[in-house]
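Asks: File follows, model20.cif with mmCIF, C-alpha atoms:
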```cif
data_coords
loop_
_atom_site.label_atom_id
_atom_site.label_comp_id
_atom_site.auth_asym_id
_atom_site.auth_seq_id
_atom_site.Cartn_x
_atom_site.Cartn_y
_atom_site.Cartn_z
CA MET P 7 -3.87 28.46 7.39
CA SER P 8 -4.72 25.44 9.52
CA ILE P 9 -4.75 21.72 8.86
CA THR P 10 -8.27 20.29 8.71
CA THR P 11 -7.73 16.88 7.13
CA VAL P 12 -5.23 14.03 7.52
CA GLY P 13 -5.04 11.34 4.87
CA LEU P 14 -3.52 7.99 5.77
CA ASP P 15 -2.30 5.12 3.64
CA ALA P 16 -3.33 1.63 4.79
CA ASP P 17 -0.93 -1.16 3.80
CA ASP P 18 2.43 -0.95 5.58
CA THR P 19 1.36 2.30 7.23
CA LEU P 20 -1.44 1.04 9.46
CA TRP P 21 -0.83 -2.72 9.21
CA HIS P 22 1.63 -5.23 7.70
CA ASN P 23 1.34 -6.00 4.00
CA GLU P 24 4.64 -6.19 2.10
CA THR P 25 5.98 -8.76 4.59
CA LEU P 26 3.22 -11.16 3.50
CA PHE P 27 4.01 -10.56 -0.16
CA ARG P 28 7.72 -11.23 0.39
CA LEU P 29 6.98 -14.52 2.17
CA THR P 30 4.71 -15.57 -0.68
CA HIS P 31 7.38 -14.58 -3.21
CA ASP P 32 9.76 -16.99 -1.46
CA ARG P 33 7.13 -19.72 -1.41
CA PHE P 34 6.50 -19.21 -5.13
CA SER P 35 10.21 -19.41 -5.96
CA ALA P 36 10.46 -22.66 -4.01
CA LEU P 37 7.54 -24.10 -6.00
CA LEU P 38 9.41 -23.48 -9.24
CA ALA P 39 12.86 -24.48 -7.98
CA ASP P 40 13.01 -27.34 -10.49
CA VAL P 41 12.26 -24.96 -13.35
CA ALA P 42 14.44 -21.89 -12.72
CA ASP P 43 16.73 -20.27 -10.17
CA PRO P 44 15.03 -18.05 -7.56
CA GLN P 45 16.55 -14.91 -9.12
CA VAL P 46 15.07 -15.82 -12.50
CA VAL P 47 11.66 -16.57 -11.01
CA GLU P 48 11.67 -13.30 -9.06
CA ALA P 49 12.69 -11.23 -12.08
CA ARG P 50 10.02 -12.78 -14.30
CA LEU P 51 7.32 -12.37 -11.65
CA SER P 52 8.24 -8.70 -11.22
CA GLU P 53 8.03 -8.19 -14.97
CA VAL P 54 4.64 -9.88 -15.17
CA GLU P 55 3.29 -7.91 -12.19
CA ARG P 56 4.25 -4.59 -13.74
CA ARG P 57 2.73 -5.61 -17.04
CA ASN P 58 -0.53 -6.59 -15.38
CA LEU P 59 -1.02 -3.58 -13.11
CA ARG P 60 -3.12 -1.76 -15.69
CA LEU P 61 -5.34 -4.84 -16.03
CA TYR P 62 -5.63 -6.16 -12.49
CA GLY P 63 -4.67 -3.16 -10.37
CA TYR P 64 -3.05 -3.61 -6.98
CA GLY P 65 -3.74 -6.34 -4.45
CA VAL P 66 -3.59 -10.03 -3.66
CA LYS P 67 -5.93 -11.19 -6.40
CA GLY P 68 -3.92 -9.56 -9.17
CA PHE P 69 -0.72 -10.84 -7.58
CA THR P 70 -2.10 -14.40 -7.57
CA LEU P 71 -3.02 -14.18 -11.24
CA SER P 72 0.45 -12.86 -12.00
CA MET P 73 2.02 -15.82 -10.18
CA ILE P 74 -0.03 -18.25 -12.26
CA GLU P 75 0.90 -16.43 -15.46
CA THR P 76 4.58 -16.46 -14.49
CA ALA P 77 4.46 -20.17 -13.76
CA MET P 78 2.90 -20.81 -17.16
CA GLU P 79 5.56 -18.73 -18.92
CA LEU P 80 8.46 -20.43 -17.14
CA THR P 81 7.11 -23.92 -17.84
CA GLY P 82 6.21 -23.31 -21.47
CA GLY P 83 2.50 -23.41 -20.69
CA GLU P 84 2.74 -26.72 -18.84
CA ALA P 85 2.71 -25.76 -15.16
CA PRO P 86 1.82 -28.87 -13.10
CA PRO P 87 -1.65 -28.78 -11.51
CA ARG P 88 0.06 -29.11 -8.13
CA VAL P 89 1.85 -25.80 -8.68
CA VAL P 90 -1.35 -24.00 -9.69
CA ARG P 91 -3.15 -25.40 -6.64
CA GLU P 92 -0.33 -24.20 -4.36
CA ILE P 93 -0.42 -20.72 -5.90
CA LEU P 94 -4.18 -20.47 -5.38
CA ALA P 95 -3.79 -21.70 -1.80
CA ALA P 96 -1.11 -19.07 -1.15
CA GLY P 97 -3.42 -16.36 -2.47
CA ARG P 98 -6.30 -17.50 -0.27
CA GLU P 99 -4.03 -17.54 2.78
CA MET P 100 -2.96 -13.96 2.09
CA LEU P 101 -6.59 -12.87 1.81
CA ASN P 102 -7.39 -14.57 5.13
CA GLU P 103 -4.34 -13.28 7.01
CA PRO P 104 -5.29 -11.64 10.35
CA VAL P 105 -4.99 -7.85 10.46
CA GLU P 106 -3.25 -6.23 13.40
CA PRO P 107 -2.40 -2.50 13.54
CA LEU P 108 1.30 -1.66 13.61
CA PRO P 109 2.78 -0.37 16.88
CA GLY P 110 1.58 3.12 17.78
CA VAL P 111 -1.18 3.26 15.17
CA ASP P 112 -4.15 3.04 17.55
CA ALA P 113 -2.94 5.83 19.82
CA ALA P 114 -1.79 8.09 16.97
CA LEU P 115 -5.09 7.85 15.10
CA ALA P 116 -7.09 8.35 18.28
CA ARG P 117 -5.22 11.60 18.97
CA LEU P 118 -5.50 12.82 15.40
CA SER P 119 -9.22 12.08 15.17
CA GLU P 120 -9.89 14.47 18.06
CA ARG P 121 -8.70 17.47 16.01
CA TYR P 122 -8.73 16.50 12.35
CA ARG P 123 -10.87 14.77 9.78
CA LEU P 124 -9.21 11.43 8.99
CA VAL P 125 -9.45 9.95 5.50
CA LEU P 126 -8.14 6.52 4.54
CA ILE P 127 -6.62 6.69 1.05
CA THR P 128 -5.44 3.32 -0.23
CA LYS P 129 -4.91 1.33 -3.39
CA GLY P 130 -5.87 -2.32 -3.75
CA ASP P 131 -8.84 -4.60 -4.16
CA LEU P 132 -12.04 -2.93 -2.92
CA LEU P 133 -13.47 -5.92 -1.04
CA HIS P 134 -10.16 -6.96 0.53
CA GLN P 135 -9.29 -3.44 1.70
CA GLU P 136 -12.75 -3.02 3.21
CA GLN P 137 -12.33 -6.35 5.00
CA LYS P 138 -8.91 -5.38 6.36
CA LEU P 139 -10.18 -2.04 7.65
CA ALA P 140 -13.08 -3.74 9.41
CA ALA P 141 -10.77 -6.35 10.93
CA SER P 142 -8.31 -3.69 12.11
CA GLY P 143 -10.82 -2.09 14.46
CA LEU P 144 -9.82 1.36 13.17
CA GLY P 145 -12.82 2.02 10.94
CA ASP P 146 -14.74 4.26 13.35
CA LEU P 147 -11.84 6.74 13.48
CA PHE P 148 -12.16 7.62 9.79
CA ALA P 149 -14.58 10.19 8.44
CA ALA P 150 -14.16 8.77 4.94
CA VAL P 151 -12.55 5.90 3.04
CA GLU P 152 -11.22 6.18 -0.52
CA ILE P 153 -10.03 2.97 -2.21
CA VAL P 154 -8.49 4.12 -5.47
CA SER P 155 -6.94 2.49 -8.52
CA GLU P 156 -3.94 4.85 -8.49
CA LYS P 157 -2.53 7.61 -6.32
CA ASP P 158 -1.51 10.65 -8.34
CA ARG P 159 -1.85 14.41 -8.06
CA SER P 160 -5.43 14.45 -9.31
CA THR P 161 -6.41 11.75 -6.81
CA TYR P 162 -5.26 13.84 -3.85
CA GLU P 163 -6.77 17.02 -5.25
CA ARG P 164 -10.11 15.26 -5.65
CA VAL P 165 -10.10 13.43 -2.31
CA PHE P 166 -9.04 16.39 -0.18
CA ALA P 167 -11.58 18.65 -1.93
CA ARG P 168 -14.35 16.10 -1.41
CA HIS P 169 -13.63 15.24 2.23
CA GLY P 170 -11.84 18.34 3.49
CA THR P 171 -11.04 21.94 2.68
CA GLY P 172 -8.58 21.26 -0.11
CA ALA P 173 -5.09 19.84 -0.40
CA GLU P 174 -3.37 22.96 0.96
CA GLU P 175 -5.00 22.34 4.34
CA ALA P 176 -4.35 18.59 4.34
CA VAL P 177 -1.60 16.17 5.34
CA MET P 178 -0.93 12.80 3.70
CA CYS P 179 0.93 10.14 5.67
CA GLY P 180 2.27 6.89 4.26
CA ASN P 181 5.23 4.60 3.67
CA SER P 182 5.46 4.88 -0.12
CA MET P 183 7.48 7.78 -1.47
CA ARG P 184 6.09 7.19 -4.96
CA SER P 185 2.39 6.92 -4.06
CA ASP P 186 1.87 8.64 -0.71
CA ILE P 187 4.39 11.47 -0.67
CA LEU P 188 5.37 12.88 -4.06
CA PRO P 189 1.89 13.18 -5.65
CA ALA P 190 0.43 14.60 -2.43
CA LEU P 191 3.08 17.32 -2.43
CA GLU P 192 2.36 17.99 -6.11
CA ALA P 193 -1.28 18.51 -5.16
CA GLY P 194 -0.24 21.13 -2.60
CA ALA P 195 -0.66 19.05 0.55
CA TRP P 196 1.81 18.40 3.35
CA ALA P 197 3.30 14.90 3.41
CA ALA P 198 4.78 12.78 6.21
CA HIS P 199 6.82 9.73 5.28
CA VAL P 200 6.81 6.84 7.78
CA PRO P 201 9.16 4.16 6.39
CA TYR P 202 8.34 0.45 6.54
CA PRO P 203 11.24 -2.05 6.70
CA LEU P 204 10.28 -3.52 3.31
CA THR P 205 9.21 -1.61 0.21
CA TRP P 206 8.00 -3.00 -3.10
CA ALA P 207 10.38 -1.86 -5.85
CA HIS P 208 7.44 -0.32 -7.75
CA GLU P 209 6.83 2.08 -4.85
CA MET P 210 10.38 3.39 -4.49
CA ALA P 211 11.39 6.96 -5.38
CA ASP P 212 13.82 9.60 -4.18
CA ALA P 213 12.81 11.72 -1.20
CA PRO P 214 11.96 15.38 -1.92
CA VAL P 215 14.86 16.70 0.15
CA GLY P 216 14.43 20.33 1.11
CA HIS P 217 10.72 20.52 0.31
CA GLY P 218 9.05 22.78 2.85
CA ARG P 219 5.98 20.60 3.26
CA PHE P 220 7.76 17.26 3.59
CA GLY P 221 8.61 15.46 6.81
CA GLU P 222 10.46 12.20 7.51
CA LEU P 223 9.18 10.54 10.69
CA GLY P 224 10.65 7.68 12.68
CA SER P 225 7.24 6.17 13.42
CA ILE P 226 3.56 7.00 13.14
CA SER P 227 3.60 7.87 16.84
CA GLU P 228 5.33 11.13 15.84
CA LEU P 229 2.58 12.13 13.41
CA PRO P 230 0.15 13.92 15.79
CA ASP P 231 2.83 16.29 17.11
CA TRP P 232 4.17 16.87 13.58
CA VAL P 233 0.73 17.82 12.28
CA ASP P 234 0.01 20.01 15.31
CA ALA P 235 3.25 21.93 14.70
CA ILE P 236 2.32 22.94 11.13
CA LYS P 237 1.79 26.68 10.86
#
```
As a first step, turn the structure in this file into structure tokens.

Replies:
Amino acid sequence: MSITTVGLDADDTLWHNETLFRLTHDRFSALLADVADPQVVEARLSEVERRNLRLYGYGVKGFTLSMIETAMELTGGEAPPRVVREILAAGREMLNEPVEPLPGVDAALARLSERYRLVLITKGDLLHQEQKLAASGLGDLFAAVEIVSEKDRSTYERVFARHGTGAEEAVMCGNSMRSDILPALEAGAWAAHVPYPLTWAHEMADAPVGHGRFGELGSISELPDWVDAIK
């Protein structure tokens, strides 16, 4: 057996994402400081986000709609126009945020692309993810791009069959244990976890300790050697 395909997550694996969301969370709580304590605002926003995932999916646009909905709920349907304008402005700023690859990403992907087929596998808004990939300068290194509504076992089985030689001869690398690691292992792939300092609560899960196809890496710079060592 040999590895032919390497799948890579995008947000918080190749470039910053959760940091921007956390900053906007703080900005949102400050907007509603006269209405509720920050802890209350945060808890309600989290509840609304989870409720809306099946409707809006992942990404900035759905997050912006969830902020507006949360503001309406906390104000009894009477959110001041100023608050709504600020929420919309925050969403636009997130969509226009410059994209810069995380340290070590450029070199790691360049090395990997010399020996393996690289596939970007990411959740989120189609247009925004395409824009971020183009802005990152990494697009030419990928043989394929899959922007999906959810990452589960069937997603990885389908993607690695379509763009590679099947999940058993593929590696998935990402920062989310819930989305990038566990379902990829269930599909029969290898999985390398590269932690990001911040993780959305929705993406947290226990590590598959002792799994023969799982690896915990300190940074993405370690990924090429880790993949090369798979036998």

Asks: To one decimal place in Å, what is the distance between atom CA of P:Gly172 and atom CA of P:His199?

Replies: 20.0 Å

Asks: When you look at P:Leu108 with a cut-off of 9 Å (counting only C-alpha atoms), what residues show up, excluding the ones that are within fewer than 6 positions of it in the same chain? I need them as a ChimeraX atom specification.

Replies: /P:18-22,226

Asks: With distances taken over all atoms listed in the file, which of P:Leu51, P:Val12, P:Ala195, P:Val90 is nearest to P:Glu120?

Replies: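 For P:Glu120, the nearest of the given residues is P:Val12.
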
Asks: For the structure provided, state which residues fall under the PyMOL selection byres ((chain P and resi 220) around 7), and present them as a ChimeraX atom specification.

Replies: /P:196-198,217-219,221-222

Asks: So which one's closest to P:Val177, P:Leu61, P:Leu191, P:Leu223, P:Ala77? Using only C-alpha atoms, please.

Replies: P:Leu191

Asks: Tell me, in Å to one decimal, how far atom CA of P:Pro201 is from atom CA of P:Gly110.

Replies: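 According to the coordinates, atom CA of P:Pro201 and atom CA of P:Gly110 are separated by 13.7 Å.
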
Asks: Check the smallest atom-to-atom distance from each of P:Asn102, P:Thr81, P:Gln135, P:Ser160 to P:Leu37 using only C-alpha atoms, then report the winner.

Replies: P:Thr81

Asks: May I ask which of the residues P:Ala149, P:Ala96, P:Leu124, P:Leu133 is the closest one to P:Cys179, counting only C-alpha atoms?

Replies: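 That would be P:Leu124, the residue with the smallest distance to P:Cys179.
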
Asks: Please, what distance in Å, to one decimal, runs between atom CA of P:Ala85 and atom CA of P:Arg28?

Replies: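 Computing the Euclidean distance for atom CA of P:Ala85 and atom CA of P:Arg28 yields 21.9 Å.
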
Asks: So that I can see what lies close to P:Pro86, please list as a count of residues only the residues with an atom at most 12 Å from it, counting only C-alpha atoms and leaving out residues fewer than 6 positions away in the same chain.

Replies: 10

Asks: Could you list as a count of residues only every residue that has an atom within 12 Å of (-9.1, 17.4, -2.8), using the file's coordinates and counting only C-alpha atoms?

Replies: 33
